[in-house]
Amino acid sequence: MTPPRIAIGGFMHETNTFAPSKAGLQAFVEGGGFPAMSEGPAMIEALRNVNMGTCGFVEEAERRGWELVPTMWCHASPSAHVTEEAFETVAGKIVAAIEAAGQLDGVYLDLHGAMVAEHADDGEGEIIARVRAVVGPDVPIVASLDLHANVSPRMVAEASALVAYRTYPHVDMAETGRRAAVHLARLVGGAAEFKAFRQIPFLIPIAWQCTDMEPAGSIYALVARLEDGPVTSTSFLCGFPAADFADCGPSVVGYGATQEAADAAADAIVEAVFAARNAFAGKAFDPLDGVREAMRLADGATKPVVISDTQDNPGAGGDSDTTGMLRALVEAGATRAAIGVIVDPAAARTVHEAGVGATVKLSLGGKSNIPGDAPFEGEFEIVSLSDGHLVADGPFYGGARMRLGPSACLRIGGVQVVLGSRKAQMADQEMYRFVGIEPKDQAILVNKSSVHFRADFAPIAETILVCTAPGPMPLDPASLPFTKLRPGVALSPAA
């Protein structure tokens, strides 16, 4: 029997339409903390043993003996809109390669689900529709999606199935790719399937979407339990609440052997989300209050107190260069404290020219013109230098090979700073160690991340605090100036 021929491709970007910087083609070429852009067979090798959907899909496909037709895969750090040039270049190559592949039995797409391009608000809907136009109505298309996907009716209509992550931090990205392959196998085998799609009319702050906390933990346990018998796949997507387009927000997608089964599963998840809507909340501190609380808790603690600098999360569109938390650490007189990654390529060049041991006066960070933020003016000791190459082998990045560009460890008072030239979310302990900082030895760690850091840092943390220094990803979506949301969508889950 001839094995199925399956085309695979990936184009991943989470778009914060309110962020300061757009994602051009070079951002996808570099990879944004994950593997760099790759094409053809090199794409498969680049993603082996990496926590990404394509990795899990390929492992399952190879186990089943499928013939894979790799097209292109790329990822860029979350930011503002994907430029038209970048979108058309990448989407064009993926679609052209699928068209050139000839007869196919299926297509797998590794997507995020919250991409907004300069000329296309529904980036993934556009990509899936273009692939559908090439392969025709009968070839199954299955896409894996981020838990933060903003799913549109067009995405559901054009794809045969959408399969989403179930953890945040996303430690199951590769596993989701494997589940997508299992689902595609069912469709390639000719199984009939019915769809159910529900959009939820309120936005959920990303810091409170964490599946290690309630209510998300219980909701995702329900999602997994419902996938049984005639219910072939269930996904609850919390949505990315900083994308100004009509379909921003949480959603539920269900698939089943009957329409009744798909509808019942989707409705059960929606009911659970509505029942828990007031529990999507938590405590956040102003920067100085948060640092002082961390210092109090650290006194006598045996593990670091970890602070989330949530509003400058480069995993949600921030440039990783705001200085509010650094300012608070210095003002409070914190000691045995470290913060990272502050991205400032010009400062990194200056530091590398000066060398280890020198003291340099810097105007550090604060280049994104965020209201309430500014460069930090001060004298820093240069403790160490790095070329920015590291392997982030914690549970979130899962072995990703990072290239942060010229980097350094700086010291000002009792505070050490991880300085980098390219942004990546501080979600792995190696992102401190590569410049000589041992995170376990610190009293306070300030991570530019909202939730993903918890996967690698919660096991070493005395406790975790959330702080709201000025940044482009407000903790409260209600503070964002939306203009395109569909009518009836509340900017907060609070009933």
# chains A, B, ... in the order shown; residues from 1 in each chain; ligands from 1
>>> residues_around(residues="Gly136 in chain A", least_positions_apart="5", cutoff="12 Å", atoms="only C-alpha atoms", output="list in words")
Ile98, Glu99, Gly102, Gln103, Leu104, Asp105, Gly106, Val107, Ile128, Ala129, Arg130, Val131, Ile141, Glu158, Ala159 and Ser160 of chain A
>>> select_by_dssp(residues="range 216-376 of chain A", states="strand (DSSP E or B)", output="VMD selection string")
chain A and resid 231 to 237 251 to 256 285 305 to 309 337 to 343 359 to 364 376
>>> closest_atom_pairs(of="range 55-123 of chain A", to="range 317-338 of chain A", cutoff="8 Å", atoms="only C-alpha atoms", output="JSON lines")
{"residue": "A:Ser77", "atom": "CA", "partner": "A:Gly317", "partner_atom": "CA", "distance": 7.4}
{"residue": "A:Pro78", "atom": "CA", "partner": "A:Gly317", "partner_atom": "CA", "distance": 4.4}
{"residue": "A:Ser79", "atom": "CA", "partner": "A:Gly317", "partner_atom": "CA", "distance": 3.7}
{"residue": "A:Ala80", "atom": "CA", "partner": "A:Gly317", "partner_atom": "CA", "distance": 6.3}
>>> closest_residue(among="A:Ala346, A:Ala443, A:Val356, A:Ile269", to="Ala301 in chain A", atoms="only C-alpha atoms")
A:Ala443
>>> residues_around(residues="Pro4 in chain A", least_positions_apart="6", cutoff="12 Å", atoms="only C-alpha atoms", output="PDB file with all heavy atoms, in the first residue's frame")
ATOM      1  N   ALA A  61       4.435  11.038  12.231  1.00  0.00           N
ATOM      2  CA  ALA A  61       4.325  10.709  10.804  1.00  0.00           C
ATOM      3  C   ALA A  61       5.362   9.667  10.408  1.00  0.00           C
ATOM      4  O   ALA A  61       5.063   8.727   9.653  1.00  0.00           O
ATOM      5  CB  ALA A  61       4.499  11.979   9.970  1.00  0.00           C
ATOM      6  N   GLU A  62       6.575   9.832  10.910  1.00  0.00           N
ATOM      7  CA  GLU A  62       7.622   8.845  10.589  1.00  0.00           C
ATOM      8  C   GLU A  62       7.292   7.489  11.204  1.00  0.00           C
ATOM      9  O   GLU A  62       7.555   6.437  10.593  1.00  0.00           O
ATOM     10  CB  GLU A  62       8.972   9.364  11.075  1.00  0.00           C
ATOM     11  CG  GLU A  62       9.482  10.552  10.257  1.00  0.00           C
ATOM     12  CD  GLU A  62      10.783  11.123  10.769  1.00  0.00           C
ATOM     13  OE1 GLU A  62      11.132  10.889  11.954  1.00  0.00           O
ATOM     14  OE2 GLU A  62      11.465  11.815   9.984  1.00  0.00           O
ATOM     15  N   ARG A  64       4.425   6.282  11.503  1.00  0.00           N
ATOM     16  CA  ARG A  64       3.380   5.707  10.658  1.00  0.00           C
ATOM     17  C   ARG A  64       3.860   5.419   9.234  1.00  0.00           C
ATOM     18  O   ARG A  64       3.107   4.865   8.424  1.00  0.00           O
ATOM     19  CB  ARG A  64       2.185   6.661  10.607  1.00  0.00           C
ATOM     20  CG  ARG A  64       1.439   6.785  11.931  1.00  0.00           C
ATOM     21  CD  ARG A  64       0.390   7.891  11.895  1.00  0.00           C
ATOM     22  NE  ARG A  64      -0.343   7.962  13.151  1.00  0.00           N
ATOM     23  CZ  ARG A  64      -1.476   7.311  13.412  1.00  0.00           C
ATOM     24  NH1 ARG A  64      -2.026   6.552  12.471  1.00  0.00           N
ATOM     25  NH2 ARG A  64      -2.066   7.426  14.580  1.00  0.00           N
ATOM     26  N   GLY A  65       5.083   5.821   8.905  1.00  0.00           N
ATOM     27  CA  GLY A  65       5.619   5.541   7.581  1.00  0.00           C
ATOM     28  C   GLY A  65       5.123   6.461   6.484  1.00  0.00           C
ATOM     29  O   GLY A  65       5.167   6.105   5.300  1.00  0.00           O
ATOM     30  N   TRP A  66       4.664   7.663   6.851  1.00  0.00           N
ATOM     31  CA  TRP A  66       4.175   8.589   5.847  1.00  0.00           C
ATOM     32  C   TRP A  66       5.323   9.181   5.026  1.00  0.00           C
ATOM     33  O   TRP A  66       6.445   9.321   5.523  1.00  0.00           O
ATOM     34  CB  TRP A  66       3.411   9.746   6.513  1.00  0.00           C
ATOM     35  CG  TRP A  66       2.121   9.348   7.149  1.00  0.00           C
ATOM     36  CD1 TRP A  66       1.498   8.134   7.075  1.00  0.00           C
ATOM     37  CD2 TRP A  66       1.301  10.167   7.989  1.00  0.00           C
ATOM     38  NE1 TRP A  66       0.327   8.143   7.802  1.00  0.00           N
ATOM     39  CE2 TRP A  66       0.173   9.382   8.367  1.00  0.00           C
ATOM     40  CE3 TRP A  66       1.388  11.485   8.438  1.00  0.00           C
ATOM     41  CZ2 TRP A  66      -0.838   9.876   9.192  1.00  0.00           C
ATOM     42  CZ3 TRP A  66       0.380  11.982   9.259  1.00  0.00           C
ATOM     43  CH2 TRP A  66      -0.712  11.189   9.628  1.00  0.00           C
ATOM     44  N   GLU A  67       5.000   9.551   3.804  1.00  0.00           N
ATOM     45  CA  GLU A  67       5.938  10.314   2.979  1.00  0.00           C
ATOM     46  C   GLU A  67       5.685  11.805   3.229  1.00  0.00           C
ATOM     47  O   GLU A  67       4.598  12.310   2.943  1.00  0.00           O
ATOM     48  CB  GLU A  67       5.749  10.006   1.492  1.00  0.00           C
ATOM     49  CG  GLU A  67       6.683  10.816   0.595  1.00  0.00           C
ATOM     50  CD  GLU A  67       6.397  10.642  -0.880  1.00  0.00           C
ATOM     51  OE1 GLU A  67       5.600   9.744  -1.234  1.00  0.00           O
ATOM     52  OE2 GLU A  67       6.965  11.421  -1.681  1.00  0.00           O
ATOM     53  N   LEU A  68       6.678  12.493   3.764  1.00  0.00           N
ATOM     54  CA  LEU A  68       6.522  13.901   4.090  1.00  0.00           C
ATOM     55  C   LEU A  68       7.098  14.778   2.994  1.00  0.00           C
ATOM     56  O   LEU A  68       8.163  14.492   2.431  1.00  0.00           O
ATOM     57  CB  LEU A  68       7.208  14.221   5.416  1.00  0.00           C
ATOM     58  CG  LEU A  68       6.615  13.536   6.657  1.00  0.00           C
ATOM     59  CD1 LEU A  68       7.399  13.920   7.902  1.00  0.00           C
ATOM     60  CD2 LEU A  68       5.144  13.906   6.821  1.00  0.00           C
ATOM     61  N   VAL A  69       6.381  15.854   2.707  1.00  0.00           N
ATOM     62  CA  VAL A  69       6.827  16.850   1.729  1.00  0.00           C
ATOM     63  C   VAL A  69       7.023  18.169   2.481  1.00  0.00           C
ATOM     64  O   VAL A  69       6.075  18.946   2.646  1.00  0.00           O
ATOM     65  CB  VAL A  69       5.802  17.019   0.597  1.00  0.00           C
ATOM     66  CG1 VAL A  69       6.319  18.010  -0.442  1.00  0.00           C
ATOM     67  CG2 VAL A  69       5.463  15.681  -0.048  1.00  0.00           C
ATOM     68  N   GLN A 103       0.161  15.461  -6.298  1.00  0.00           N
ATOM     69  CA  GLN A 103      -0.898  14.776  -5.562  1.00  0.00           C
ATOM     70  C   GLN A 103      -0.523  14.621  -4.089  1.00  0.00           C
ATOM     71  O   GLN A 103       0.531  14.086  -3.743  1.00  0.00           O
ATOM     72  CB  GLN A 103      -1.155  13.396  -6.171  1.00  0.00           C
ATOM     73  CG  GLN A 103      -2.280  12.639  -5.502  1.00  0.00           C
ATOM     74  CD  GLN A 103      -3.624  13.336  -5.660  1.00  0.00           C
ATOM     75  OE1 GLN A 103      -3.938  13.852  -6.731  1.00  0.00           O
ATOM     76  NE2 GLN A 103      -4.406  13.360  -4.584  1.00  0.00           N
ATOM     77  N   LEU A 104      -1.411  15.100  -3.220  1.00  0.00           N
ATOM     78  CA  LEU A 104      -1.199  14.996  -1.780  1.00  0.00           C
ATOM     79  C   LEU A 104      -2.400  14.314  -1.133  1.00  0.00           C
ATOM     80  O   LEU A 104      -3.532  14.437  -1.608  1.00  0.00           O
ATOM     81  CB  LEU A 104      -1.012  16.388  -1.158  1.00  0.00           C
ATOM     82  CG  LEU A 104       0.248  17.158  -1.534  1.00  0.00           C
ATOM     83  CD1 LEU A 104       0.141  18.615  -1.065  1.00  0.00           C
ATOM     84  CD2 LEU A 104       1.491  16.505  -0.927  1.00  0.00           C
ATOM     85  N   ASP A 105      -2.148  13.649  -0.018  1.00  0.00           N
ATOM     86  CA  ASP A 105      -3.222  13.028   0.752  1.00  0.00           C
ATOM     87  C   ASP A 105      -3.612  13.857   1.966  1.00  0.00           C
ATOM     88  O   ASP A 105      -4.647  13.590   2.602  1.00  0.00           O
ATOM     89  CB  ASP A 105      -2.793  11.633   1.204  1.00  0.00           C
ATOM     90  CG  ASP A 105      -2.526  10.714   0.032  1.00  0.00           C
ATOM     91  OD1 ASP A 105      -3.488  10.386  -0.689  1.00  0.00           O
ATOM     92  OD2 ASP A 105      -1.352  10.352  -0.182  1.00  0.00           O
ATOM     93  N   GLY A 106      -2.793  14.847   2.312  1.00  0.00           N
ATOM     94  CA  GLY A 106      -3.101  15.697   3.449  1.00  0.00           C
ATOM     95  C   GLY A 106      -2.074  16.792   3.602  1.00  0.00           C
ATOM     96  O   GLY A 106      -0.999  16.762   2.985  1.00  0.00           O
ATOM     97  N   VAL A 107      -2.415  17.786   4.424  1.00  0.00           N
ATOM     98  CA  VAL A 107      -1.520  18.915   4.704  1.00  0.00           C
ATOM     99  C   VAL A 107      -1.536  19.174   6.208  1.00  0.00           C
ATOM    100  O   VAL A 107      -2.607  19.186   6.833  1.00  0.00           O
ATOM    101  CB  VAL A 107      -1.956  20.191   3.956  1.00  0.00           C
ATOM    102  CG1 VAL A 107      -1.053  21.374   4.336  1.00  0.00           C
ATOM    103  CG2 VAL A 107      -1.942  19.976   2.449  1.00  0.00           C
ATOM    104  N   VAL A 139      -8.937  17.326   0.151  1.00  0.00           N
ATOM    105  CA  VAL A 139      -7.690  16.989   0.841  1.00  0.00           C
ATOM    106  C   VAL A 139      -7.742  17.557   2.259  1.00  0.00           C
ATOM    107  O   VAL A 139      -7.940  18.762   2.444  1.00  0.00           O
ATOM    108  CB  VAL A 139      -6.466  17.552   0.097  1.00  0.00           C
ATOM    109  CG1 VAL A 139      -5.185  17.334   0.914  1.00  0.00           C
ATOM    110  CG2 VAL A 139      -6.334  16.903  -1.274  1.00  0.00           C
ATOM    111  N   PRO A 140      -7.591  16.731   3.292  1.00  0.00           N
ATOM    112  CA  PRO A 140      -7.672  17.256   4.659  1.00  0.00           C
ATOM    113  C   PRO A 140      -6.492  18.167   5.016  1.00  0.00           C
ATOM    114  O   PRO A 140      -5.346  17.861   4.695  1.00  0.00           O
ATOM    115  CB  PRO A 140      -7.680  16.005   5.531  1.00  0.00           C
ATOM    116  CG  PRO A 140      -7.126  14.922   4.682  1.00  0.00           C
ATOM    117  CD  PRO A 140      -7.444  15.260   3.268  1.00  0.00           C
ATOM    118  N   ALA A 181      -1.202  14.926  14.110  1.00  0.00           N
ATOM    119  CA  ALA A 181      -0.918  13.834  13.176  1.00  0.00           C
ATOM    120  C   ALA A 181      -1.913  12.685  13.347  1.00  0.00           C
ATOM    121  O   ALA A 181      -2.393  12.108  12.365  1.00  0.00           O
ATOM    122  CB  ALA A 181       0.512  13.334  13.383  1.00  0.00           C
ATOM    123  N   LEU A 184      -5.077  13.810  11.736  1.00  0.00           N
ATOM    124  CA  LEU A 184      -4.973  13.779  10.276  1.00  0.00           C
ATOM    125  C   LEU A 184      -5.058  12.345   9.759  1.00  0.00           C
ATOM    126  O   LEU A 184      -5.665  12.096   8.702  1.00  0.00           O
ATOM    127  CB  LEU A 184      -3.669  14.437   9.832  1.00  0.00           C
ATOM    128  CG  LEU A 184      -3.438  14.536   8.321  1.00  0.00           C
ATOM    129  CD1 LEU A 184      -4.566  15.287   7.628  1.00  0.00           C
ATOM    130  CD2 LEU A 184      -2.097  15.201   8.031  1.00  0.00           C
ATOM    131  N   ALA A 185      -4.470  11.406  10.488  1.00  0.00           N
ATOM    132  CA  ALA A 185      -4.540  10.003  10.065  1.00  0.00           C
ATOM    133  C   ALA A 185      -5.988   9.540   9.955  1.00  0.00           C
ATOM    134  O   ALA A 185      -6.362   8.801   9.036  1.00  0.00           O
ATOM    135  CB  ALA A 185      -3.771   9.128  11.052  1.00  0.00           C
ATOM    136  N   ARG A 186      -6.819   9.967  10.897  1.00  0.00           N
ATOM    137  CA  ARG A 186      -8.232   9.608  10.870  1.00  0.00           C
ATOM    138  C   ARG A 186      -8.901  10.160   9.607  1.00  0.00           C
ATOM    139  O   ARG A 186      -9.684   9.466   8.945  1.00  0.00           O
ATOM    140  CB  ARG A 186      -8.918  10.154  12.126  1.00  0.00           C
ATOM    141  CG  ARG A 186     -10.364   9.756  12.282  1.00  0.00           C
ATOM    142  CD  ARG A 186     -10.986  10.380  13.518  1.00  0.00           C
ATOM    143  NE  ARG A 186     -10.280  10.000  14.744  1.00  0.00           N
ATOM    144  CZ  ARG A 186      -9.588  10.841  15.506  1.00  0.00           C
ATOM    145  NH1 ARG A 186      -9.495  12.125  15.170  1.00  0.00           N
ATOM    146  NH2 ARG A 186      -8.991  10.410  16.592  1.00  0.00           N
ATOM    147  N   LEU A 187      -8.575  11.398   9.270  1.00  0.00           N
ATOM    148  CA  LEU A 187      -9.199  12.024   8.102  1.00  0.00           C
ATOM    149  C   LEU A 187      -8.676  11.426   6.803  1.00  0.00           C
ATOM    150  O   LEU A 187      -9.436  11.225   5.848  1.00  0.00           O
ATOM    151  CB  LEU A 187      -8.951  13.531   8.139  1.00  0.00           C
ATOM    152  CG  LEU A 187      -9.519  14.276   9.360  1.00  0.00           C
ATOM    153  CD1 LEU A 187      -9.179  15.747   9.292  1.00  0.00           C
ATOM    154  CD2 LEU A 187     -11.023  14.085   9.456  1.00  0.00           C
ATOM    155  N   VAL A 188      -7.371  11.159   6.753  1.00  0.00           N
ATOM    156  CA  VAL A 188      -6.801  10.528   5.555  1.00  0.00           C
ATOM    157  C   VAL A 188      -7.433   9.153   5.337  1.00  0.00           C
ATOM    158  O   VAL A 188      -7.626   8.707   4.203  1.00  0.00           O
ATOM    159  CB  VAL A 188      -5.264  10.426   5.687  1.00  0.00           C
ATOM    160  CG1 VAL A 188      -4.683   9.539   4.591  1.00  0.00           C
ATOM    161  CG2 VAL A 188      -4.632  11.818   5.626  1.00  0.00           C
ATOM    162  N   GLY A 189      -7.788   8.512   6.432  1.00  0.00           N
ATOM    163  CA  GLY A 189      -8.431   7.206   6.333  1.00  0.00           C
ATOM    164  C   GLY A 189      -9.885   7.258   5.904  1.00  0.00           C
ATOM    165  O   GLY A 189     -10.529   6.216   5.768  1.00  0.00           O
TER     166      GLY A 189
END
>>> atom_distance(atom1="CA of Arg401 in chain A", atom2="CA of Val50 in chain A")
9.0 Å
>>> closest_atom_pairs(of="range 97-124 of chain A", to="range 22-28 of chain A", cutoff="12 Å", atoms="only C-alpha atoms", output="CSV")
residue,atom,partner,partner_atom,distance
A:Met115,CA,A:Ala23,CA,10.6
A:Val116,CA,A:Ala23,CA,10.3
A:Ala117,CA,A:Ala23,CA,9.0
A:Glu118,CA,A:Lys22,CA,9.1
>>> select_by_dssp(residues="range 401-480 of chain A", states="helix (DSSP H, G or I)", output="MDAnalysis selection string")
chainID A and resid 430:433 439:441 454:460 477:479
>>> write_last_selection(atoms="N, CA and C atoms", output="PDB file, in the first residue's frame")
ATOM      1  N   GLU A 430      18.904  28.928  31.601  1.00  0.00           N
ATOM      2  CA  GLU A 430      20.142  29.115  30.837  1.00  0.00           C
ATOM      3  C   GLU A 430      20.282  30.546  30.316  1.00  0.00           C
ATOM      4  N   MET A 431      19.181  31.276  30.264  1.00  0.00           N
ATOM      5  CA  MET A 431      19.245  32.663  29.791  1.00  0.00           C
ATOM      6  C   MET A 431      19.862  33.589  30.842  1.00  0.00           C
ATOM      7  N   TYR A 432      20.062  33.100  32.039  1.00  0.00           N
ATOM      8  CA  TYR A 432      20.918  33.763  33.028  1.00  0.00           C
ATOM      9  C   TYR A 432      22.327  33.170  33.005  1.00  0.00           C
ATOM     10  N   ARG A 433      22.401  31.862  32.940  1.00  0.00           N
ATOM     11  CA  ARG A 433      23.701  31.192  33.071  1.00  0.00           C
ATOM     12  C   ARG A 433      24.657  31.528  31.942  1.00  0.00           C
ATOM     13  N   PRO A 439      20.974  31.425  38.498  1.00  0.00           N
ATOM     14  CA  PRO A 439      19.691  31.918  39.011  1.00  0.00           C
ATOM     15  C   PRO A 439      19.342  31.392  40.397  1.00  0.00           C
ATOM     16  N   LYS A 440      19.743  30.183  40.703  1.00  0.00           N
ATOM     17  CA  LYS A 440      19.398  29.605  42.004  1.00  0.00           C
ATOM     18  C   LYS A 440      20.088  30.327  43.158  1.00  0.00           C
ATOM     19  N   ASP A 441      21.177  31.059  42.865  1.00  0.00           N
ATOM     20  CA  ASP A 441      21.923  31.756  43.915  1.00  0.00           C
ATOM     21  C   ASP A 441      21.410  33.167  44.183  1.00  0.00           C
ATOM     22  N   ARG A 454       7.338  30.229  34.159  1.00  0.00           N
ATOM     23  CA  ARG A 454       6.964  29.371  35.279  1.00  0.00           C
ATOM     24  C   ARG A 454       7.405  27.923  35.061  1.00  0.00           C
ATOM     25  N   ALA A 455       7.465  27.478  33.806  1.00  0.00           N
ATOM     26  CA  ALA A 455       7.816  26.084  33.544  1.00  0.00           C
ATOM     27  C   ALA A 455       9.198  25.743  34.093  1.00  0.00           C
ATOM     28  N   ASP A 456      10.162  26.641  33.948  1.00  0.00           N
ATOM     29  CA  ASP A 456      11.530  26.370  34.388  1.00  0.00           C
ATOM     30  C   ASP A 456      11.871  27.036  35.714  1.00  0.00           C
ATOM     31  N   PHE A 457      11.128  28.079  36.100  1.00  0.00           N
ATOM     32  CA  PHE A 457      11.486  28.834  37.300  1.00  0.00           C
ATOM     33  C   PHE A 457      10.629  28.499  38.514  1.00  0.00           C
ATOM     34  N   ALA A 458       9.401  28.027  38.320  1.00  0.00           N
ATOM     35  CA  ALA A 458       8.576  27.683  39.482  1.00  0.00           C
ATOM     36  C   ALA A 458       9.244  26.642  40.383  1.00  0.00           C
ATOM     37  N   PRO A 459       9.935  25.636  39.819  1.00  0.00           N
ATOM     38  CA  PRO A 459      10.571  24.648  40.702  1.00  0.00           C
ATOM     39  C   PRO A 459      11.687  25.224  41.570  1.00  0.00           C
ATOM     40  N   ILE A 460      12.266  26.367  41.197  1.00  0.00           N
ATOM     41  CA  ILE A 460      13.352  26.930  42.006  1.00  0.00           C
ATOM     42  C   ILE A 460      12.904  28.166  42.778  1.00  0.00           C
ATOM     43  N   PRO A 477      -6.595  44.069  29.530  1.00  0.00           N
ATOM     44  CA  PRO A 477      -6.915  44.421  28.146  1.00  0.00           C
ATOM     45  C   PRO A 477      -7.825  45.644  28.025  1.00  0.00           C
ATOM     46  N   ALA A 478      -8.576  45.974  29.083  1.00  0.00           N
ATOM     47  CA  ALA A 478      -9.488  47.118  29.020  1.00  0.00           C
ATOM     48  C   ALA A 478      -8.746  48.437  28.846  1.00  0.00           C
ATOM     49  N   SER A 479      -7.446  48.441  29.102  1.00  0.00           N
ATOM     50  CA  SER A 479      -6.672  49.674  28.930  1.00  0.00           C
ATOM     51  C   SER A 479      -6.197  49.871  27.494  1.00  0.00           C
TER      52      SER A 479
END
>>> atom_distance(atom1="CA of Thr359 in chain A", atom2="CA of Glu381 in chain A")
4.4 Å
>>> residues_around(residues="Ser251 in chain A", least_positions_apart="6", cutoff="10 Å", atoms="only C-alpha atoms", output="NGL selection string")
:A and (147-152 or 197-202 or 235-239 or 266 or 269-270 or 273)
>>> write_last_selection(atoms="C-alpha atoms", output="compact mmCIF listing (two decimals), in the first residue's frame")
# COMPACT_ATOMS: atom_id res chain seq x y z
CA LEU A 147 -3.46 28.13 23.18
CA HIS A 148 -3.57 31.92 22.58
CA ALA A 149 -4.96 31.67 19.06
CA ASN A 150 -7.74 34.09 18.12
CA VAL A 151 -9.76 31.69 16.02
CA SER A 152 -11.90 33.09 13.23
CA PHE A 197 -17.20 26.38 16.90
CA ARG A 198 -18.03 28.82 19.68
CA GLN A 199 -16.61 32.29 20.33
CA ILE A 200 -16.62 33.52 23.94
CA PRO A 201 -17.53 37.21 24.34
CA PHE A 202 -14.92 38.40 26.84
CA SER A 235 -9.76 22.66 22.05
CA PHE A 236 -10.27 25.65 24.30
CA LEU A 237 -8.26 28.64 23.13
CA CYS A 238 -7.88 31.45 25.66
CA GLY A 239 -7.09 33.93 22.90
CA ALA A 266 -18.15 22.45 22.72
CA ILE A 269 -16.51 23.69 27.64
CA VAL A 270 -18.25 27.02 27.08
CA VAL A 273 -15.58 28.88 31.01
>>> residues_around(residues="Leu480 in chain A", least_positions_apart="3", cutoff="8 Å", atoms="only C-alpha atoms", output="list in words")
Phe18, Ala242, Pro474, Asp476 and Pro477 of chain A
>>> residues_around(residues="Gly282 in chain A", least_positions_apart="5", cutoff="10 Å", atoms="only C-alpha atoms", output="list of chain:residue names")
A:Pro205, A:Ala207, A:Trp208, A:Val466
>>> write_last_selection(atoms="C-alpha atoms", output="PDB file, in the first residue's frame")
ATOM      1  CA  PRO A 205      -5.652  38.671  30.661  1.00  0.00           C
ATOM      2  CA  ALA A 207      -1.200  36.343  33.178  1.00  0.00           C
ATOM      3  CA  TRP A 208      -4.347  34.659  34.506  1.00  0.00           C
ATOM      4  CA  VAL A 466       3.486  39.765  39.141  1.00  0.00           C
TER       5      VAL A 466
END
>>> residues_around(residues="His112 in chain A", least_positions_apart="2", cutoff="8 Å", atoms="only C-alpha atoms", output="ChimeraX atom specification")
/A:11-14,110,114-115,124,144-146,148-149
>>> write_last_selection(atoms="C-alpha atoms", output="PDB file, in the first residue's frame")
ATOM      1  CA  PHE A  11       4.457  30.126   9.841  1.00  0.00           C
ATOM      2  CA  MET A  12       4.238  31.313  13.434  1.00  0.00           C
ATOM      3  CA  HIS A  13       3.651  34.775  14.847  1.00  0.00           C
ATOM      4  CA  GLU A  14       1.631  36.142  17.750  1.00  0.00           C
ATOM      5  CA  ASP A 110       2.187  24.531  12.262  1.00  0.00           C
ATOM      6  CA  ALA A 114      -3.059  35.065  16.383  1.00  0.00           C
ATOM      7  CA  MET A 115      -1.206  36.523  13.410  1.00  0.00           C
ATOM      8  CA  GLU A 124      -4.026  32.280   9.571  1.00  0.00           C
ATOM      9  CA  SER A 144      -1.900  22.929  15.249  1.00  0.00           C
ATOM     10  CA  LEU A 145      -2.495  26.193  17.090  1.00  0.00           C
ATOM     11  CA  ASP A 146      -1.199  28.023  20.122  1.00  0.00           C
ATOM     12  CA  HIS A 148      -3.566  31.921  22.580  1.00  0.00           C
ATOM     13  CA  ALA A 149      -4.965  31.669  19.060  1.00  0.00           C
TER      14      ALA A 149
END
>>> closest_residue(among="A:Pro493, A:Pro70, A:Gly9, A:Gly32", to="Val142 in chain A", atoms="only C-alpha atoms")
A:Gly9
>>> closest_residue(among="A:Glu39, A:Glu227, A:Asp286, A:Asp387", to="Ala257 in chain A", atoms="only C-alpha atoms")
A:Glu227
>>> atom_distance(atom1="CA of Val253 in chain A", atom2="CA of Asp267 in chain A")
9.8 Å
